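work.cif follows; it contains mmCIF, N, CA and C atoms and all ligand atoms.
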data_data
loop_
_atom_site.label_atom_id
_atom_site.label_comp_id
_atom_site.auth_asym_id
_atom_site.auth_seq_id
_atom_site.Cartn_x
_atom_site.Cartn_y
_atom_site.Cartn_z
N MET L 140 -58.36 -23.84 -50.99
CA MET L 140 -59.74 -23.39 -50.80
C MET L 140 -60.47 -24.19 -49.72
N ASN L 141 -61.47 -23.55 -49.20
CA ASN L 141 -62.17 -24.15 -48.08
C ASN L 141 -63.46 -24.87 -48.47
N THR L 142 -63.66 -25.05 -49.79
CA THR L 142 -64.94 -25.62 -50.22
C THR L 142 -65.13 -27.04 -49.70
N HIS L 143 -64.04 -27.83 -49.72
CA HIS L 143 -64.17 -29.20 -49.21
C HIS L 143 -64.58 -29.23 -47.75
N LEU L 144 -63.92 -28.37 -46.97
CA LEU L 144 -64.25 -28.30 -45.55
C LEU L 144 -65.72 -27.89 -45.38
N HIS L 145 -66.13 -26.91 -46.19
CA HIS L 145 -67.51 -26.41 -46.09
C HIS L 145 -68.53 -27.50 -46.41
N VAL L 146 -68.31 -28.19 -47.53
CA VAL L 146 -69.27 -29.23 -47.95
C VAL L 146 -69.27 -30.38 -46.94
N THR L 147 -68.08 -30.76 -46.46
CA THR L 147 -68.00 -31.81 -45.44
C THR L 147 -68.76 -31.39 -44.18
N ALA L 148 -68.57 -30.13 -43.78
CA ALA L 148 -69.18 -29.65 -42.53
C ALA L 148 -70.71 -29.65 -42.62
N TRP L 149 -71.28 -29.15 -43.74
CA TRP L 149 -72.76 -29.14 -43.77
C TRP L 149 -73.33 -30.51 -44.09
N GLY L 150 -72.55 -31.34 -44.84
CA GLY L 150 -73.00 -32.72 -45.06
C GLY L 150 -73.11 -33.46 -43.73
N LEU L 151 -72.07 -33.27 -42.90
CA LEU L 151 -72.07 -33.88 -41.56
C LEU L 151 -73.24 -33.35 -40.73
N ALA L 152 -73.53 -32.05 -40.86
CA ALA L 152 -74.62 -31.46 -40.08
C ALA L 152 -75.95 -32.12 -40.42
N ILE L 153 -76.18 -32.37 -41.71
CA ILE L 153 -77.45 -33.00 -42.11
C ILE L 153 -77.55 -34.40 -41.51
N ILE L 154 -76.43 -35.13 -41.55
CA ILE L 154 -76.43 -36.49 -40.97
C ILE L 154 -76.70 -36.43 -39.46
N LEU L 155 -75.97 -35.54 -38.76
CA LEU L 155 -76.14 -35.44 -37.31
C LEU L 155 -77.55 -35.01 -36.94
N PHE L 156 -78.12 -34.11 -37.74
CA PHE L 156 -79.49 -33.66 -37.50
C PHE L 156 -80.47 -34.84 -37.58
N VAL L 157 -80.32 -35.66 -38.63
CA VAL L 157 -81.21 -36.81 -38.80
C VAL L 157 -81.01 -37.81 -37.65
N VAL L 158 -79.73 -38.05 -37.28
CA VAL L 158 -79.46 -39.00 -36.18
C VAL L 158 -80.10 -38.49 -34.88
N ALA L 159 -79.97 -37.19 -34.62
CA ALA L 159 -80.57 -36.63 -33.40
C ALA L 159 -82.09 -36.81 -33.40
N LEU L 160 -82.70 -36.60 -34.57
CA LEU L 160 -84.16 -36.79 -34.68
C LEU L 160 -84.56 -38.24 -34.41
N VAL L 161 -83.82 -39.17 -35.04
CA VAL L 161 -84.15 -40.59 -34.89
C VAL L 161 -83.98 -41.02 -33.43
N LEU L 162 -82.88 -40.57 -32.80
CA LEU L 162 -82.65 -40.94 -31.40
C LEU L 162 -83.79 -40.41 -30.52
N HIS L 163 -84.23 -39.19 -30.82
CA HIS L 163 -85.34 -38.64 -30.05
C HIS L 163 -86.60 -39.48 -30.23
N LYS L 164 -86.90 -39.83 -31.47
CA LYS L 164 -88.10 -40.62 -31.75
C LYS L 164 -88.05 -41.97 -31.04
N LYS L 165 -86.83 -42.49 -30.87
CA LYS L 165 -86.68 -43.77 -30.19
C LYS L 165 -86.69 -43.59 -28.68
N GLY L 166 -86.80 -42.35 -28.21
CA GLY L 166 -86.84 -42.11 -26.77
C GLY L 166 -85.48 -42.11 -26.11
N ASN L 167 -84.42 -42.10 -26.92
CA ASN L 167 -83.07 -42.12 -26.35
C ASN L 167 -82.56 -40.68 -26.17
N GLU L 168 -83.08 -40.02 -25.13
CA GLU L 168 -82.81 -38.59 -24.93
C GLU L 168 -81.33 -38.28 -24.70
N LYS L 169 -80.68 -39.15 -23.93
CA LYS L 169 -79.29 -38.86 -23.57
C LYS L 169 -78.39 -38.87 -24.80
N ALA L 170 -78.51 -39.93 -25.60
CA ALA L 170 -77.69 -40.01 -26.82
C ALA L 170 -78.05 -38.86 -27.77
N GLY L 171 -79.35 -38.53 -27.84
CA GLY L 171 -79.79 -37.44 -28.69
C GLY L 171 -79.13 -36.12 -28.31
N LYS L 172 -79.03 -35.90 -27.00
CA LYS L 172 -78.40 -34.66 -26.50
C LYS L 172 -76.93 -34.59 -26.89
N ILE L 173 -76.26 -35.72 -26.79
CA ILE L 173 -74.83 -35.75 -27.14
C ILE L 173 -74.65 -35.46 -28.63
N VAL L 174 -75.50 -36.09 -29.46
CA VAL L 174 -75.40 -35.85 -30.91
C VAL L 174 -75.68 -34.38 -31.21
N GLN L 175 -76.65 -33.80 -30.51
CA GLN L 175 -76.96 -32.39 -30.76
C GLN L 175 -75.80 -31.47 -30.34
N MET L 176 -75.07 -31.88 -29.31
CA MET L 176 -73.90 -31.10 -28.91
C MET L 176 -72.82 -31.15 -29.98
N ILE L 177 -72.62 -32.33 -30.58
CA ILE L 177 -71.64 -32.45 -31.65
C ILE L 177 -72.10 -31.62 -32.85
N LEU L 178 -73.43 -31.67 -33.11
CA LEU L 178 -74.00 -30.87 -34.20
C LEU L 178 -73.69 -29.38 -33.99
N ARG L 179 -73.80 -28.93 -32.74
CA ARG L 179 -73.55 -27.50 -32.46
C ARG L 179 -72.08 -27.14 -32.68
N LEU L 180 -71.18 -28.06 -32.38
CA LEU L 180 -69.77 -27.79 -32.67
C LEU L 180 -69.56 -27.72 -34.17
N ASP L 181 -70.28 -28.57 -34.89
CA ASP L 181 -70.16 -28.59 -36.35
C ASP L 181 -70.66 -27.27 -36.96
N TYR L 182 -71.63 -26.62 -36.31
CA TYR L 182 -72.08 -25.31 -36.80
C TYR L 182 -70.90 -24.34 -36.89
N LEU L 183 -70.00 -24.43 -35.90
CA LEU L 183 -68.85 -23.52 -35.88
C LEU L 183 -67.99 -23.74 -37.12
N LEU L 184 -67.84 -25.01 -37.50
CA LEU L 184 -67.06 -25.35 -38.69
C LEU L 184 -67.73 -24.81 -39.95
N ILE L 185 -69.06 -24.92 -40.00
CA ILE L 185 -69.82 -24.40 -41.15
C ILE L 185 -69.64 -22.89 -41.24
N LEU L 186 -69.78 -22.22 -40.10
CA LEU L 186 -69.68 -20.75 -40.08
C LEU L 186 -68.26 -20.31 -40.44
N TYR L 187 -67.28 -21.03 -39.91
CA TYR L 187 -65.89 -20.68 -40.20
C TYR L 187 -65.59 -20.85 -41.70
N SER L 188 -65.94 -22.02 -42.25
CA SER L 188 -65.61 -22.27 -43.66
C SER L 188 -66.45 -21.40 -44.58
N GLY L 189 -67.73 -21.20 -44.24
CA GLY L 189 -68.60 -20.34 -45.05
C GLY L 189 -68.14 -18.89 -44.98
N GLY L 190 -67.74 -18.45 -43.79
CA GLY L 190 -67.25 -17.09 -43.62
C GLY L 190 -65.99 -16.87 -44.44
N ASP L 191 -65.14 -17.89 -44.49
CA ASP L 191 -63.92 -17.80 -45.29
C ASP L 191 -64.25 -17.71 -46.78
N LEU L 192 -65.22 -18.52 -47.23
CA LEU L 192 -65.60 -18.51 -48.65
C LEU L 192 -66.23 -17.18 -49.05
N ILE L 193 -67.02 -16.61 -48.15
CA ILE L 193 -67.76 -15.39 -48.51
C ILE L 193 -66.79 -14.20 -48.66
N MET L 194 -65.64 -14.29 -48.03
CA MET L 194 -64.64 -13.21 -48.17
C MET L 194 -64.23 -13.03 -49.63
N ASN L 195 -64.28 -14.11 -50.41
CA ASN L 195 -63.90 -14.02 -51.84
C ASN L 195 -64.80 -13.07 -52.61
N TYR L 196 -66.00 -12.83 -52.08
CA TYR L 196 -66.98 -12.06 -52.84
C TYR L 196 -67.04 -10.59 -52.44
N PHE L 197 -66.39 -10.25 -51.34
CA PHE L 197 -66.40 -8.84 -50.95
C PHE L 197 -65.37 -8.09 -51.77
N GLY L 198 -65.73 -6.86 -52.11
CA GLY L 198 -64.84 -6.09 -52.96
C GLY L 198 -65.54 -5.80 -54.26
N ASP L 199 -65.02 -6.35 -55.36
CA ASP L 199 -65.61 -5.98 -56.65
C ASP L 199 -66.33 -7.12 -57.35
N SER L 200 -66.73 -8.17 -56.62
CA SER L 200 -67.42 -9.27 -57.29
C SER L 200 -68.83 -8.87 -57.69
N PRO L 201 -69.23 -9.19 -58.94
CA PRO L 201 -70.60 -8.90 -59.37
C PRO L 201 -71.62 -9.81 -58.68
N MET L 202 -71.14 -10.85 -58.00
CA MET L 202 -72.07 -11.78 -57.35
C MET L 202 -72.09 -11.61 -55.85
N MET L 203 -71.65 -10.47 -55.37
CA MET L 203 -71.59 -10.27 -53.92
C MET L 203 -72.97 -10.42 -53.28
N ALA L 204 -74.01 -9.84 -53.92
CA ALA L 204 -75.35 -9.90 -53.33
C ALA L 204 -75.81 -11.36 -53.20
N GLU L 205 -75.56 -12.14 -54.24
CA GLU L 205 -75.99 -13.54 -54.17
C GLU L 205 -75.20 -14.31 -53.11
N ALA L 206 -73.91 -13.97 -52.97
CA ALA L 206 -73.11 -14.63 -51.95
C ALA L 206 -73.65 -14.29 -50.55
N ILE L 207 -74.08 -13.04 -50.37
CA ILE L 207 -74.63 -12.64 -49.07
C ILE L 207 -75.94 -13.38 -48.79
N VAL L 208 -76.81 -13.46 -49.80
CA VAL L 208 -78.07 -14.20 -49.63
C VAL L 208 -77.76 -15.67 -49.32
N LYS L 209 -76.77 -16.23 -50.02
CA LYS L 209 -76.35 -17.61 -49.76
C LYS L 209 -75.92 -17.79 -48.31
N GLY L 210 -75.12 -16.85 -47.80
CA GLY L 210 -74.66 -16.92 -46.41
C GLY L 210 -75.81 -16.82 -45.43
N LEU L 211 -76.74 -15.88 -45.70
CA LEU L 211 -77.90 -15.72 -44.80
C LEU L 211 -78.76 -16.99 -44.81
N ALA L 212 -78.93 -17.58 -46.00
CA ALA L 212 -79.70 -18.82 -46.07
C ALA L 212 -78.99 -19.93 -45.31
N GLY L 213 -77.65 -19.93 -45.36
CA GLY L 213 -76.87 -20.93 -44.60
C GLY L 213 -77.12 -20.79 -43.11
N VAL L 214 -77.14 -19.55 -42.64
CA VAL L 214 -77.46 -19.31 -41.22
C VAL L 214 -78.90 -19.75 -40.95
N GLY L 215 -79.79 -19.55 -41.94
CA GLY L 215 -81.18 -20.00 -41.82
C GLY L 215 -81.29 -21.51 -41.65
N VAL L 216 -80.42 -22.26 -42.35
CA VAL L 216 -80.43 -23.72 -42.21
C VAL L 216 -80.11 -24.10 -40.76
N ILE L 217 -79.08 -23.44 -40.21
CA ILE L 217 -78.69 -23.72 -38.82
C ILE L 217 -79.83 -23.37 -37.87
N ALA L 218 -80.44 -22.19 -38.07
CA ALA L 218 -81.55 -21.77 -37.22
C ALA L 218 -82.71 -22.76 -37.33
N GLY L 219 -83.00 -23.20 -38.56
CA GLY L 219 -84.09 -24.17 -38.78
C GLY L 219 -83.84 -25.49 -38.07
N MET L 220 -82.58 -25.95 -38.10
CA MET L 220 -82.26 -27.21 -37.40
C MET L 220 -82.47 -27.05 -35.90
N GLU L 221 -81.99 -25.94 -35.36
CA GLU L 221 -82.13 -25.71 -33.92
C GLU L 221 -83.60 -25.58 -33.50
N MET L 222 -84.37 -24.85 -34.31
CA MET L 222 -85.79 -24.67 -33.99
C MET L 222 -86.52 -26.01 -34.02
N THR L 223 -86.24 -26.79 -35.06
CA THR L 223 -86.93 -28.07 -35.24
C THR L 223 -86.61 -29.01 -34.07
N LEU L 224 -85.32 -29.16 -33.76
CA LEU L 224 -84.94 -30.08 -32.67
C LEU L 224 -85.51 -29.59 -31.33
N GLY L 225 -85.47 -28.27 -31.11
CA GLY L 225 -85.97 -27.71 -29.86
C GLY L 225 -87.46 -27.96 -29.67
N LYS L 226 -88.24 -27.70 -30.72
CA LYS L 226 -89.69 -27.88 -30.63
C LYS L 226 -90.05 -29.35 -30.45
N ILE L 227 -89.37 -30.22 -31.20
CA ILE L 227 -89.68 -31.65 -31.10
C ILE L 227 -89.37 -32.15 -29.68
N LYS L 228 -88.27 -31.65 -29.14
CA LYS L 228 -87.90 -32.06 -27.78
C LYS L 228 -88.97 -31.62 -26.78
N ASP L 229 -89.55 -30.44 -27.00
CA ASP L 229 -90.59 -29.94 -26.11
C ASP L 229 -91.96 -30.52 -26.41
N GLY L 230 -92.06 -31.32 -27.46
CA GLY L 230 -93.35 -31.90 -27.82
C GLY L 230 -94.28 -30.91 -28.50
N ASP L 231 -93.73 -29.78 -29.00
CA ASP L 231 -94.54 -28.78 -29.71
C ASP L 231 -94.49 -29.03 -31.21
N SER L 232 -95.36 -28.32 -31.94
CA SER L 232 -95.34 -28.43 -33.39
C SER L 232 -94.04 -27.83 -33.93
N ALA L 233 -93.39 -28.57 -34.82
CA ALA L 233 -92.11 -28.11 -35.37
C ALA L 233 -92.29 -27.59 -36.80
N LYS L 234 -93.54 -27.25 -37.15
CA LYS L 234 -93.82 -26.85 -38.54
C LYS L 234 -93.00 -25.65 -38.98
N VAL L 235 -92.92 -24.63 -38.11
CA VAL L 235 -92.18 -23.42 -38.49
C VAL L 235 -90.69 -23.76 -38.69
N GLY L 236 -90.14 -24.55 -37.75
CA GLY L 236 -88.74 -24.94 -37.85
C GLY L 236 -88.45 -25.70 -39.14
N TRP L 237 -89.34 -26.64 -39.47
CA TRP L 237 -89.17 -27.41 -40.71
C TRP L 237 -89.23 -26.50 -41.92
N SER L 238 -90.15 -25.54 -41.91
CA SER L 238 -90.28 -24.63 -43.05
C SER L 238 -89.01 -23.81 -43.22
N VAL L 239 -88.53 -23.23 -42.11
CA VAL L 239 -87.31 -22.42 -42.17
C VAL L 239 -86.16 -23.29 -42.69
N LEU L 240 -86.08 -24.52 -42.17
CA LEU L 240 -84.99 -25.41 -42.56
C LEU L 240 -85.04 -25.75 -44.05
N LEU L 241 -86.20 -26.18 -44.52
CA LEU L 241 -86.27 -26.68 -45.90
C LEU L 241 -86.15 -25.55 -46.93
N ILE L 242 -86.78 -24.39 -46.63
CA ILE L 242 -86.68 -23.27 -47.58
C ILE L 242 -85.22 -22.77 -47.63
N SER L 243 -84.60 -22.64 -46.45
CA SER L 243 -83.21 -22.16 -46.41
C SER L 243 -82.29 -23.15 -47.12
N LEU L 244 -82.53 -24.44 -46.90
CA LEU L 244 -81.67 -25.46 -47.52
C LEU L 244 -81.78 -25.40 -49.04
N LEU L 245 -83.01 -25.22 -49.51
CA LEU L 245 -83.23 -25.12 -50.96
C LEU L 245 -82.44 -23.93 -51.54
N ILE L 246 -82.51 -22.78 -50.84
CA ILE L 246 -81.81 -21.58 -51.34
C ILE L 246 -80.29 -21.81 -51.31
N THR L 247 -79.77 -22.42 -50.24
CA THR L 247 -78.31 -22.65 -50.17
C THR L 247 -77.86 -23.57 -51.29
N ILE L 248 -78.63 -24.61 -51.57
CA ILE L 248 -78.21 -25.58 -52.59
C ILE L 248 -78.25 -24.93 -53.98
N VAL L 249 -79.35 -24.21 -54.26
CA VAL L 249 -79.47 -23.58 -55.58
C VAL L 249 -78.36 -22.55 -55.79
N LEU L 250 -78.18 -21.65 -54.81
CA LEU L 250 -77.15 -20.62 -54.97
C LEU L 250 -75.75 -21.23 -54.88
N GLY L 251 -75.54 -22.15 -53.96
CA GLY L 251 -74.21 -22.72 -53.74
C GLY L 251 -73.73 -23.55 -54.92
N PHE L 252 -74.60 -24.43 -55.42
CA PHE L 252 -74.16 -25.34 -56.49
C PHE L 252 -74.40 -24.78 -57.89
N PHE L 253 -75.50 -24.02 -58.06
CA PHE L 253 -75.89 -23.68 -59.43
C PHE L 253 -75.66 -22.23 -59.82
N ARG L 254 -75.42 -21.34 -58.84
CA ARG L 254 -75.24 -19.94 -59.19
C ARG L 254 -73.82 -19.47 -58.91
N LEU L 255 -73.35 -19.68 -57.69
CA LEU L 255 -72.03 -19.16 -57.36
C LEU L 255 -70.96 -20.02 -58.03
N PRO L 256 -69.90 -19.42 -58.50
CA PRO L 256 -68.97 -20.10 -59.40
C PRO L 256 -68.00 -21.08 -58.73
N GLY L 257 -67.75 -20.92 -57.44
CA GLY L 257 -66.76 -21.78 -56.79
C GLY L 257 -67.19 -23.23 -56.89
N GLY L 258 -66.23 -24.12 -56.89
CA GLY L 258 -66.60 -25.54 -57.01
C GLY L 258 -65.67 -26.42 -56.21
N LEU L 259 -65.85 -27.71 -56.39
CA LEU L 259 -65.06 -28.67 -55.60
C LEU L 259 -63.74 -29.03 -56.27
N ALA L 260 -63.49 -28.49 -57.44
CA ALA L 260 -62.30 -28.89 -58.19
C ALA L 260 -61.02 -28.53 -57.43
C1 LIG L 301 -75.97 -25.79 -43.18
C2 LIG L 301 -75.79 -24.65 -43.82
C3 LIG L 301 -75.17 -24.53 -45.21
C4 LIG L 301 -75.37 -25.30 -46.34
C5 LIG L 301 -76.30 -26.49 -46.54
C6 LIG L 301 -74.51 -24.74 -47.38
C7 LIG L 301 -74.42 -25.21 -48.69
C8 LIG L 301 -73.46 -24.82 -49.61
C9 LIG L 301 -73.26 -25.37 -50.94
C10 LIG L 301 -74.12 -26.46 -51.57
C11 LIG L 301 -72.21 -24.72 -51.51
C12 LIG L 301 -71.60 -24.97 -52.89
C13 LIG L 301 -70.35 -25.77 -52.80
C14 LIG L 301 -69.66 -25.86 -54.13
O1 LIG L 301 -69.58 -24.86 -54.85
O2 LIG L 301 -69.20 -26.94 -54.46
C15 LIG L 301 -71.75 -23.73 -50.57
C16 LIG L 301 -70.74 -22.82 -50.78
C17 LIG L 301 -70.64 -21.61 -50.08
N1 LIG L 301 -71.23 -21.32 -48.86
FE1 LIG L 301 -72.46 -22.51 -47.84
N2 LIG L 301 -73.83 -23.66 -46.86
C18 LIG L 301 -74.22 -23.51 -45.54
C19 LIG L 301 -73.78 -22.52 -44.67
C20 LIG L 301 -73.09 -21.37 -45.05
C21 LIG L 301 -72.85 -20.20 -44.25
C22 LIG L 301 -73.29 -20.06 -42.79
C23 LIG L 301 -72.18 -19.30 -45.03
C24 LIG L 301 -71.70 -17.91 -44.73
C25 LIG L 301 -71.34 -17.47 -43.58
C26 LIG L 301 -71.97 -19.91 -46.32
C27 LIG L 301 -71.32 -19.33 -47.40
C28 LIG L 301 -70.93 -20.00 -48.54
C29 LIG L 301 -70.10 -19.43 -49.59
C30 LIG L 301 -69.60 -18.00 -49.65
C31 LIG L 301 -69.91 -20.45 -50.55
C32 LIG L 301 -69.04 -20.35 -51.81
C33 LIG L 301 -69.87 -20.25 -53.05
C34 LIG L 301 -68.99 -20.44 -54.24
O3 LIG L 301 -67.98 -19.73 -54.36
O4 LIG L 301 -69.33 -21.28 -55.06
N3 LIG L 301 -72.54 -21.17 -46.31
N4 LIG L 301 -72.52 -23.81 -49.41
#
Could I get this file's structure written as structure tokens?
Amino acid sequence: MNTHLHVTAWGLAIILFVVALVLHKKGNEKAGKIVQMILRLDYLLILYSGGDLIMNYFGDSPMMAEAIVKGLAGVGVIAGMEMTLGKIKDGDSAKVGWSVLLISLLITIVLGFFRLPGGLA
């Protein structure tokens, strides 16, 4: 199963996102850009592993709708990270990006850990 890869990939994304933010706040634009590039490669890993997991729900699963919402929220987390980093880099308000990020993250965690049956075992 791809759950380990999936959890590792989004765990890494959260770390890289925070590192990129901190580097930006410290004025280290070059290092921040490099970290954001690695973060973007990590999105591919998240999409690949999440896409693989969601295949389990297509067909006759009674939880297909929740799995789809989970996947959309996962894409929302990625969009929120990109919006937040982009706005902060431009010196604009990142309120919308933060909202998209935090609401999507909440939905992914609730559906991923507490509703959908797959686990780390
Ligand atoms: C940064 C974005 C994402 C976060 C934070 C996230 C979070 C999670 C969490 C917490 C789980 C539960 C792991 C477990 O059961 O142990 C999970 C599983 C899953 N994720 Fe994601 N995810 C993200 C992106 C995606 C994307 C983009 C997709 C779809 C394309 C996706 C589809 C799934 C599916 C189908 C599962 C399996 C649920 C299960 O069988 O339990 N995720 N994810």
Write as a PyMOL selection string the residues around ligand LIG 301 (chain L), taking 6.5 Å as the cut-off and counting only N, CA and C atoms and all ligand atoms. chain L and resi 142+145-146+149-150+185-186+188-194+206+209-214+216-217+244+247-252+254-259
Hey, what's within 12 Å of Leu151 (chain L) if we count only C-alpha atoms and toss same-chain stuff fewer than 3 positions away? As a PyMOL selection string, please? chain L and resi 143-148+154-158+174-175+177-182+184-185
Any chance you could export the current selection's N, CA and C atoms as a compact mmCIF listing (two decimals), in the frame of the given file?
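New file selection-v4.txt:
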# COMPACT_ATOMS: atom_id res chain seq x y z
N HIS L 143 -64.04 -27.83 -49.72
CA HIS L 143 -64.17 -29.20 -49.21
C HIS L 143 -64.58 -29.23 -47.75
N LEU L 144 -63.92 -28.37 -46.97
CA LEU L 144 -64.25 -28.30 -45.55
C LEU L 144 -65.72 -27.89 -45.38
N HIS L 145 -66.13 -26.91 -46.19
CA HIS L 145 -67.51 -26.41 -46.09
C HIS L 145 -68.53 -27.50 -46.41
N VAL L 146 -68.31 -28.19 -47.53
CA VAL L 146 -69.27 -29.23 -47.95
C VAL L 146 -69.27 -30.38 -46.94
N THR L 147 -68.08 -30.76 -46.46
CA THR L 147 -68.00 -31.81 -45.44
C THR L 147 -68.76 -31.39 -44.18
N ALA L 148 -68.57 -30.13 -43.78
CA ALA L 148 -69.18 -29.65 -42.53
C ALA L 148 -70.71 -29.65 -42.62
N ILE L 154 -76.43 -35.13 -41.55
CA ILE L 154 -76.43 -36.49 -40.97
C ILE L 154 -76.70 -36.43 -39.46
N LEU L 155 -75.97 -35.54 -38.76
CA LEU L 155 -76.14 -35.44 -37.31
C LEU L 155 -77.55 -35.01 -36.94
N PHE L 156 -78.12 -34.11 -37.74
CA PHE L 156 -79.49 -33.66 -37.50
C PHE L 156 -80.47 -34.84 -37.58
N VAL L 157 -80.32 -35.66 -38.63
CA VAL L 157 -81.21 -36.81 -38.80
C VAL L 157 -81.01 -37.81 -37.65
N VAL L 158 -79.73 -38.05 -37.28
CA VAL L 158 -79.46 -39.00 -36.18
C VAL L 158 -80.10 -38.49 -34.88
N VAL L 174 -75.50 -36.09 -29.46
CA VAL L 174 -75.40 -35.85 -30.91
C VAL L 174 -75.68 -34.38 -31.21
N GLN L 175 -76.65 -33.80 -30.51
CA GLN L 175 -76.96 -32.39 -30.76
C GLN L 175 -75.80 -31.47 -30.34
N ILE L 177 -72.62 -32.33 -30.58
CA ILE L 177 -71.64 -32.45 -31.65
C ILE L 177 -72.10 -31.62 -32.85
N LEU L 178 -73.43 -31.67 -33.11
CA LEU L 178 -74.00 -30.87 -34.20
C LEU L 178 -73.69 -29.38 -33.99
N ARG L 179 -73.80 -28.93 -32.74
CA ARG L 179 -73.55 -27.50 -32.46
C ARG L 179 -72.08 -27.14 -32.68
N LEU L 180 -71.18 -28.06 -32.38
CA LEU L 180 -69.77 -27.79 -32.67
C LEU L 180 -69.56 -27.72 -34.17
N ASP L 181 -70.28 -28.57 -34.89
CA ASP L 181 -70.16 -28.59 -36.35
C ASP L 181 -70.66 -27.27 -36.96
N TYR L 182 -71.63 -26.62 -36.31
CA TYR L 182 -72.08 -25.31 -36.80
C TYR L 182 -70.90 -24.34 -36.89
N LEU L 184 -67.84 -25.01 -37.50
CA LEU L 184 -67.06 -25.35 -38.69
C LEU L 184 -67.73 -24.81 -39.95
N ILE L 185 -69.06 -24.92 -40.00
CA ILE L 185 -69.82 -24.40 -41.15
C ILE L 185 -69.64 -22.89 -41.24
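Here the question is which of L:Ala159, L:Glu205, L:Leu240, L:Leu245 gets nearest to Gly171 (chain L) using only C-alpha atoms, and that residue is L:Ala159.
Considering only N, CA and C atoms, the residue among L:Val208, L:Val235, L:Ala152, L:Ala170 positioned nearest to Met222 (chain L) is L:Val235.
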I need the residues in chain L that are alpha helix (DSSP H) according to DSSP; give them as a ChimeraX atom specification. /L:142-164,168-193,203-229,234-248
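Atom pair CA of Gly236 (chain L) / CA of Gly219 (chain L) has a distance of 4.8 Å (rounded to one decimal).
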State, in Å with one decimal place, the distance from atom N of Gly198 (chain L) to atom N of Asn141 (chain L). 17.5 Å
Name the residues in contact with Lys234 (chain L) at a cut-off of 7 Å, using only N, CA and C atoms, excluding same-chain residues fewer than 4 positions from it; report them as JSON, numbers by chain. {"L": [223, 238, 239]}
Selection above as a file: N, CA and C atoms, as a compact mmCIF listing (two decimals), in the coordinates of the input:
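Produced file out-v5.txt, reproduced below:
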# COMPACT_ATOMS: atom_id res chain seq x y z
N THR L 223 -86.24 -26.79 -35.06
CA THR L 223 -86.93 -28.07 -35.24
C THR L 223 -86.61 -29.01 -34.07
N SER L 238 -90.15 -25.54 -41.91
CA SER L 238 -90.28 -24.63 -43.05
C SER L 238 -89.01 -23.81 -43.22
N VAL L 239 -88.53 -23.23 -42.11
CA VAL L 239 -87.31 -22.42 -42.17
C VAL L 239 -86.16 -23.29 -42.69
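Atom N of Asp229 (chain L) sits 13.6 Å away from atom C of Lys165 (chain L).
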